[in-house]
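Notes follow once the structure below has been shown.
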Amino acid sequence: RVRFFFDYKSPFSFLALRHTMELSREFNVKLEWLPFSFNVSEGFGIPEERTEYQKIKLKYWYSDARRFANQQQLTLLGPKRIFDSTIAHIGALWAQQHCEDKFLRYNQQVFTLFFQRKLTLDNKDEIVQILKNEEIPVESFDDFLNTKGKEKLKDIEHLAKELGVFGVPTWVCGDELFFGQDRIDFVRQKLLRDNLATKEYYSRRKSELEAELEVVASKL
């Protein structure tokens, strides 16, 4: 089992999305998607009270994120304010209850639209509309949002604390924790050591290596 902790307002969670979906196709693992809110203010301060150091840190953080986004040909625009991702996270839990494929489409849409500045992450009506667009039933969603949904998020917070998760994105494989989207290769190496790779993984690696060899050969 691979547990993946993510937050919709985290650009690096967005960047980890494609890699995480590849894990479920290329390795014999059960993937557990766990929405987990990180506190922006703890890392970067409150906008109106940020120090020069925090401003520089945040600017570099997004510059780095855009470099990685360019590699994946993704649009990644920084939010104009701090958002609360609770409603979107409960929407994810709701979607998972109904259909995995529909949840994955919901997941993709929330990340993509938010970082294109086309989604107000903490607006319930907009989240409900995405659920409807993906043909996920929304009857009783309001009740779930205010009761079981919040309880499930609390359970995930407790689990994260038990496992030592301190930020997003984070993968937990067995007793090993991997923080940051650029640690995906360590996750793959762990799964390879455990002999969990499928033929699809080796097929992709073969194609990548052949392409690399062609480039090298052309320079000789």
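Order determines the names: the first chain of the structure tokens is A, the second B, and so forth; residues in each chain are numbered 1 upward, and ligands are numbered 1 upward as they are shown.
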All strand (DSSP E or B) residues (DSSP, backbone) inside chain A, as a ChimeraX atom specification:
/A:2-6,27,31-35,170-173,176-179,197
Export of prior selection with N, CA, C and O atoms as a CSV table (one decimal), in the first residue's frame:
chain,number,residue,atom,x,y,z
A,2,VAL,N,0.5,2.2,-0.8
A,2,VAL,CA,1.1,3.5,-0.8
A,2,VAL,C,0.1,4.6,-0.4
A,2,VAL,O,-1.0,4.7,-1.0
A,3,ARG,N,0.4,5.3,0.7
A,3,ARG,CA,-0.4,6.4,1.1
A,3,ARG,C,0.1,7.7,0.5
A,3,ARG,O,1.3,8.0,0.7
A,4,PHE,N,-0.8,8.5,-0.1
A,4,PHE,CA,-0.4,9.7,-0.7
A,4,PHE,C,-1.1,10.9,0.0
A,4,PHE,O,-2.4,11.0,-0.1
A,5,PHE,N,-0.4,11.7,0.7
A,5,PHE,CA,-1.0,12.9,1.4
A,5,PHE,C,-0.8,14.1,0.5
A,5,PHE,O,0.3,14.4,0.0
A,6,PHE,N,-1.9,14.8,0.2
A,6,PHE,CA,-1.8,15.9,-0.7
A,6,PHE,C,-2.8,17.1,-0.3
A,6,PHE,O,-3.6,16.9,0.6
A,27,PHE,N,2.9,-0.2,-10.8
A,27,PHE,CA,3.3,-1.0,-9.7
A,27,PHE,C,2.0,-1.7,-9.1
A,27,PHE,O,0.9,-1.2,-9.1
A,31,LEU,N,-3.2,2.3,-3.9
A,31,LEU,CA,-2.9,3.7,-3.7
A,31,LEU,C,-4.1,4.3,-2.8
A,31,LEU,O,-5.2,4.2,-3.2
A,32,GLU,N,-3.7,5.0,-1.8
A,32,GLU,CA,-4.6,5.6,-0.9
A,32,GLU,C,-4.4,7.1,-0.9
A,32,GLU,O,-3.4,7.6,-0.6
A,33,TRP,N,-5.5,7.8,-1.4
A,33,TRP,CA,-5.4,9.3,-1.6
A,33,TRP,C,-5.9,9.9,-0.3
A,33,TRP,O,-7.1,9.7,0.1
A,34,LEU,N,-5.1,10.7,0.4
A,34,LEU,CA,-5.4,11.3,1.7
A,34,LEU,C,-5.3,12.8,1.7
A,34,LEU,O,-4.1,13.3,1.7
A,35,PRO,N,-6.4,13.5,1.5
A,35,PRO,CA,-6.3,15.0,1.6
A,35,PRO,C,-5.9,15.5,3.0
A,35,PRO,O,-6.4,15.1,4.0
A,170,THR,N,3.4,14.0,0.3
A,170,THR,CA,4.1,13.0,1.0
A,170,THR,C,3.6,11.6,0.6
A,170,THR,O,2.4,11.4,0.6
A,171,TRP,N,4.5,10.7,0.3
A,171,TRP,CA,4.1,9.3,0.1
A,171,TRP,C,4.7,8.5,1.2
A,171,TRP,O,5.8,8.7,1.7
A,172,VAL,N,3.8,7.6,1.7
A,172,VAL,CA,4.3,6.7,2.8
A,172,VAL,C,4.2,5.3,2.3
A,172,VAL,O,3.1,4.8,1.9
A,173,CYS,N,5.3,4.6,2.2
A,173,CYS,CA,5.4,3.2,1.7
A,173,CYS,C,5.9,2.4,2.9
A,173,CYS,O,7.1,2.5,3.2
A,176,GLU,N,8.5,3.8,5.4
A,176,GLU,CA,9.4,4.9,4.8
A,176,GLU,C,8.5,6.0,4.4
A,176,GLU,O,7.4,5.8,3.8
A,177,LEU,N,9.0,7.2,4.6
A,177,LEU,CA,8.2,8.4,4.2
A,177,LEU,C,9.1,9.2,3.2
A,177,LEU,O,10.3,9.4,3.4
A,178,PHE,N,8.4,9.7,2.2
A,178,PHE,CA,9.1,10.5,1.1
A,178,PHE,C,8.3,11.8,0.9
A,178,PHE,O,7.2,11.8,0.5
A,179,PHE,N,9.0,12.9,1.3
A,179,PHE,CA,8.3,14.2,1.2
A,179,PHE,C,8.9,15.0,0.0
A,179,PHE,O,10.1,15.1,-0.2
A,197,ALA,N,7.0,-3.9,-9.4
A,197,ALA,CA,6.9,-3.3,-10.7
A,197,ALA,C,6.1,-4.2,-11.7
A,197,ALA,O,6.2,-5.4,-11.6
Got a sec: who's within 10 Å of Pro137 (chain A), counting only C-alpha atoms, leaving out chain neighbours fewer than 4 positions off, as a PyMOL selection string?
chain A and resi 94-95+98+128+131-133+141
Generate a file of the selected residues that holds N, CA, C and O atoms, formatted as a PDB file, in the first residue's frame.
ATOM      1  N   TRP A  94     -15.796  12.550  -0.604  1.00  0.00           N
ATOM      2  CA  TRP A  94     -17.142  12.220  -1.104  1.00  0.00           C
ATOM      3  C   TRP A  94     -17.048  11.504  -2.452  1.00  0.00           C
ATOM      4  O   TRP A  94     -17.703  10.483  -2.680  1.00  0.00           O
ATOM      5  N   ALA A  95     -16.201  12.027  -3.330  1.00  0.00           N
ATOM      6  CA  ALA A  95     -16.043  11.435  -4.654  1.00  0.00           C
ATOM      7  C   ALA A  95     -15.472  10.021  -4.557  1.00  0.00           C
ATOM      8  O   ALA A  95     -15.900   9.119  -5.293  1.00  0.00           O
ATOM      9  N   HIS A  98     -17.895   7.175  -4.101  1.00  0.00           N
ATOM     10  CA  HIS A  98     -18.807   6.830  -5.182  1.00  0.00           C
ATOM     11  C   HIS A  98     -18.141   6.069  -6.326  1.00  0.00           C
ATOM     12  O   HIS A  98     -18.683   5.071  -6.795  1.00  0.00           O
ATOM     13  N   VAL A 128     -19.223  21.831  -5.642  1.00  0.00           N
ATOM     14  CA  VAL A 128     -20.390  21.008  -5.973  1.00  0.00           C
ATOM     15  C   VAL A 128     -20.561  20.921  -7.491  1.00  0.00           C
ATOM     16  O   VAL A 128     -20.913  19.859  -8.030  1.00  0.00           O
ATOM     17  N   LEU A 131     -18.290  18.347  -8.868  1.00  0.00           N
ATOM     18  CA  LEU A 131     -18.845  17.021  -8.589  1.00  0.00           C
ATOM     19  C   LEU A 131     -19.935  16.676  -9.612  1.00  0.00           C
ATOM     20  O   LEU A 131     -19.972  15.575 -10.160  1.00  0.00           O
ATOM     21  N   LYS A 132     -20.817  17.623  -9.876  1.00  0.00           N
ATOM     22  CA  LYS A 132     -21.888  17.403 -10.846  1.00  0.00           C
ATOM     23  C   LYS A 132     -21.317  17.170 -12.247  1.00  0.00           C
ATOM     24  O   LYS A 132     -21.797  16.300 -12.985  1.00  0.00           O
ATOM     25  N   ASN A 133     -20.306  17.962 -12.613  1.00  0.00           N
ATOM     26  CA  ASN A 133     -19.701  17.817 -13.941  1.00  0.00           C
ATOM     27  C   ASN A 133     -19.132  16.417 -14.153  1.00  0.00           C
ATOM     28  O   ASN A 133     -19.122  15.903 -15.280  1.00  0.00           O
ATOM     29  N   PHE A 141     -24.647  15.701   0.133  1.00  0.00           N
ATOM     30  CA  PHE A 141     -23.265  16.194   0.266  1.00  0.00           C
ATOM     31  C   PHE A 141     -23.156  17.228   1.383  1.00  0.00           C
ATOM     32  O   PHE A 141     -22.172  17.246   2.130  1.00  0.00           O
TER      33      PHE A 141
END
Just how far from CA of Gly78 (chain A) is CA of Val138 (chain A), in Å to one decimal?
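Computed distance, CA of Val138 (chain A) to CA of Gly78 (chain A), equals 29.5 Å.
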Using only C-alpha atoms, which of A:Thr112, A:Gln97, A:Gln72, A:Ser37 sits nearest His19 (chain A)?
A:Gln72
Can you tell me which residues surround Asn28 (chain A) at a distance of at most 10 Å, considering only C-alpha atoms, apart from same-chain residues fewer than 2 positions away, and format the answer as a compact mmCIF listing (two decimals) with N, CA and C atoms, in the first residue's frame?
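The result, written out as result_19.txt:
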# COMPACT_ATOMS: atom_id res chain seq x y z
N ARG A 1 0.84 -1.20 0.00
CA ARG A 1 0.00 0.00 0.00
C ARG A 1 0.88 1.26 0.00
N LEU A 23 2.13 5.57 -10.53
CA LEU A 23 2.43 4.51 -9.57
C LEU A 23 1.35 3.43 -9.58
N SER A 24 0.09 3.87 -9.66
CA SER A 24 -1.01 2.91 -9.62
C SER A 24 -1.07 2.05 -10.87
N ARG A 25 -0.52 2.57 -11.99
CA ARG A 25 -0.51 1.79 -13.23
C ARG A 25 0.73 0.90 -13.34
N GLU A 26 1.85 1.37 -12.81
CA GLU A 26 3.12 0.71 -13.06
C GLU A 26 3.61 -0.19 -11.92
N LYS A 30 -1.74 -0.77 -3.79
CA LYS A 30 -3.01 -0.10 -3.53
C LYS A 30 -2.68 1.34 -3.16
N LEU A 31 -3.23 2.28 -3.90
CA LEU A 31 -2.95 3.69 -3.68
C LEU A 31 -4.06 4.33 -2.84
N LEU A 191 9.68 0.67 -4.34
CA LEU A 191 8.74 -0.31 -4.89
C LEU A 191 9.46 -1.33 -5.77
N ASN A 195 9.95 -5.60 -5.44
CA ASN A 195 9.50 -6.42 -6.59
C ASN A 195 8.03 -6.20 -6.92
N LEU A 196 7.62 -4.94 -6.94
CA LEU A 196 6.21 -4.63 -7.20
C LEU A 196 5.96 -4.02 -8.58
N ALA A 197 7.02 -3.88 -9.39
CA ALA A 197 6.86 -3.27 -10.71
C ALA A 197 6.10 -4.19 -11.67
N THR A 198 5.31 -3.56 -12.55
CA THR A 198 4.58 -4.29 -13.58
C THR A 198 5.32 -4.16 -14.91
DSSP-assigned alpha helix (DSSP H) among region 12-132 of chain A, expressed as a PyMOL selection string:
chain A and resi 12-26+40-44+52-71+86-98+100-114+124-132
Option closest in space to Glu22 (chain A), from A:Ala69, A:Val187, A:Gln54, A:Glu208 [counting only C-alpha atoms]:
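For Glu22 (chain A), the nearest of the given residues is A:Val187.
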In Å to one decimal, how far is CA of Asp122 (chain A) from CA of Ala88 (chain A)?
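Separating CA of Ala88 (chain A) from CA of Asp122 (chain A) is a distance of 6.9 Å.
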Closest of A:Thr51, A:Phe114, A:Asn70, A:Gln96 to Glu126 (chain A) - atom-to-atom distances counting only C-alpha atoms:
A:Phe114
Interatomic distance (Å, one decimal) between CA of Ser140 (chain A) and CA of Gly91 (chain A)
11.8 Å
Which polymer residues have any atom within 10 Å of an atom of Gln181 (chain A), counting only C-alpha atoms, with same-chain residues fewer than 6 positions away left out, as a ChimeraX atom specification?
/A:11-17,19-20,65,68,168-171
Near-His89 (chain A) list (8 Å; only C-alpha atoms; drop same-chain fewer than 4 positions) as a list of chain:residue names:
A:Asp7, A:Tyr8, A:Pro35, A:Phe36, A:Ser85, A:Leu93, A:Leu153
For those residues, write N, CA and C atoms to a file as a compact mmCIF listing (two decimals), in the first residue's frame.
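Just written: out_37.txt:
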# COMPACT_ATOMS: atom_id res chain seq x y z
N ASP A 7 -2.56 18.23 -0.83
CA ASP A 7 -3.41 19.39 -0.53
C ASP A 7 -3.66 20.12 -1.83
N TYR A 8 -4.92 20.44 -2.11
CA TYR A 8 -5.27 21.09 -3.37
C TYR A 8 -4.65 22.48 -3.53
N PRO A 35 -6.38 13.55 1.53
CA PRO A 35 -6.30 15.02 1.57
C PRO A 35 -5.87 15.50 2.95
N PHE A 36 -4.87 16.37 2.96
CA PHE A 36 -4.26 16.79 4.23
C PHE A 36 -3.85 18.26 4.10
N SER A 85 -8.67 24.79 1.97
CA SER A 85 -8.99 23.69 1.05
C SER A 85 -9.93 22.65 1.66
N LEU A 93 -13.13 13.26 -0.62
CA LEU A 93 -13.55 12.09 0.16
C LEU A 93 -14.92 11.61 -0.30
N LEU A 153 -11.56 13.96 7.79
CA LEU A 153 -10.37 14.80 7.69
C LEU A 153 -9.59 14.79 9.00
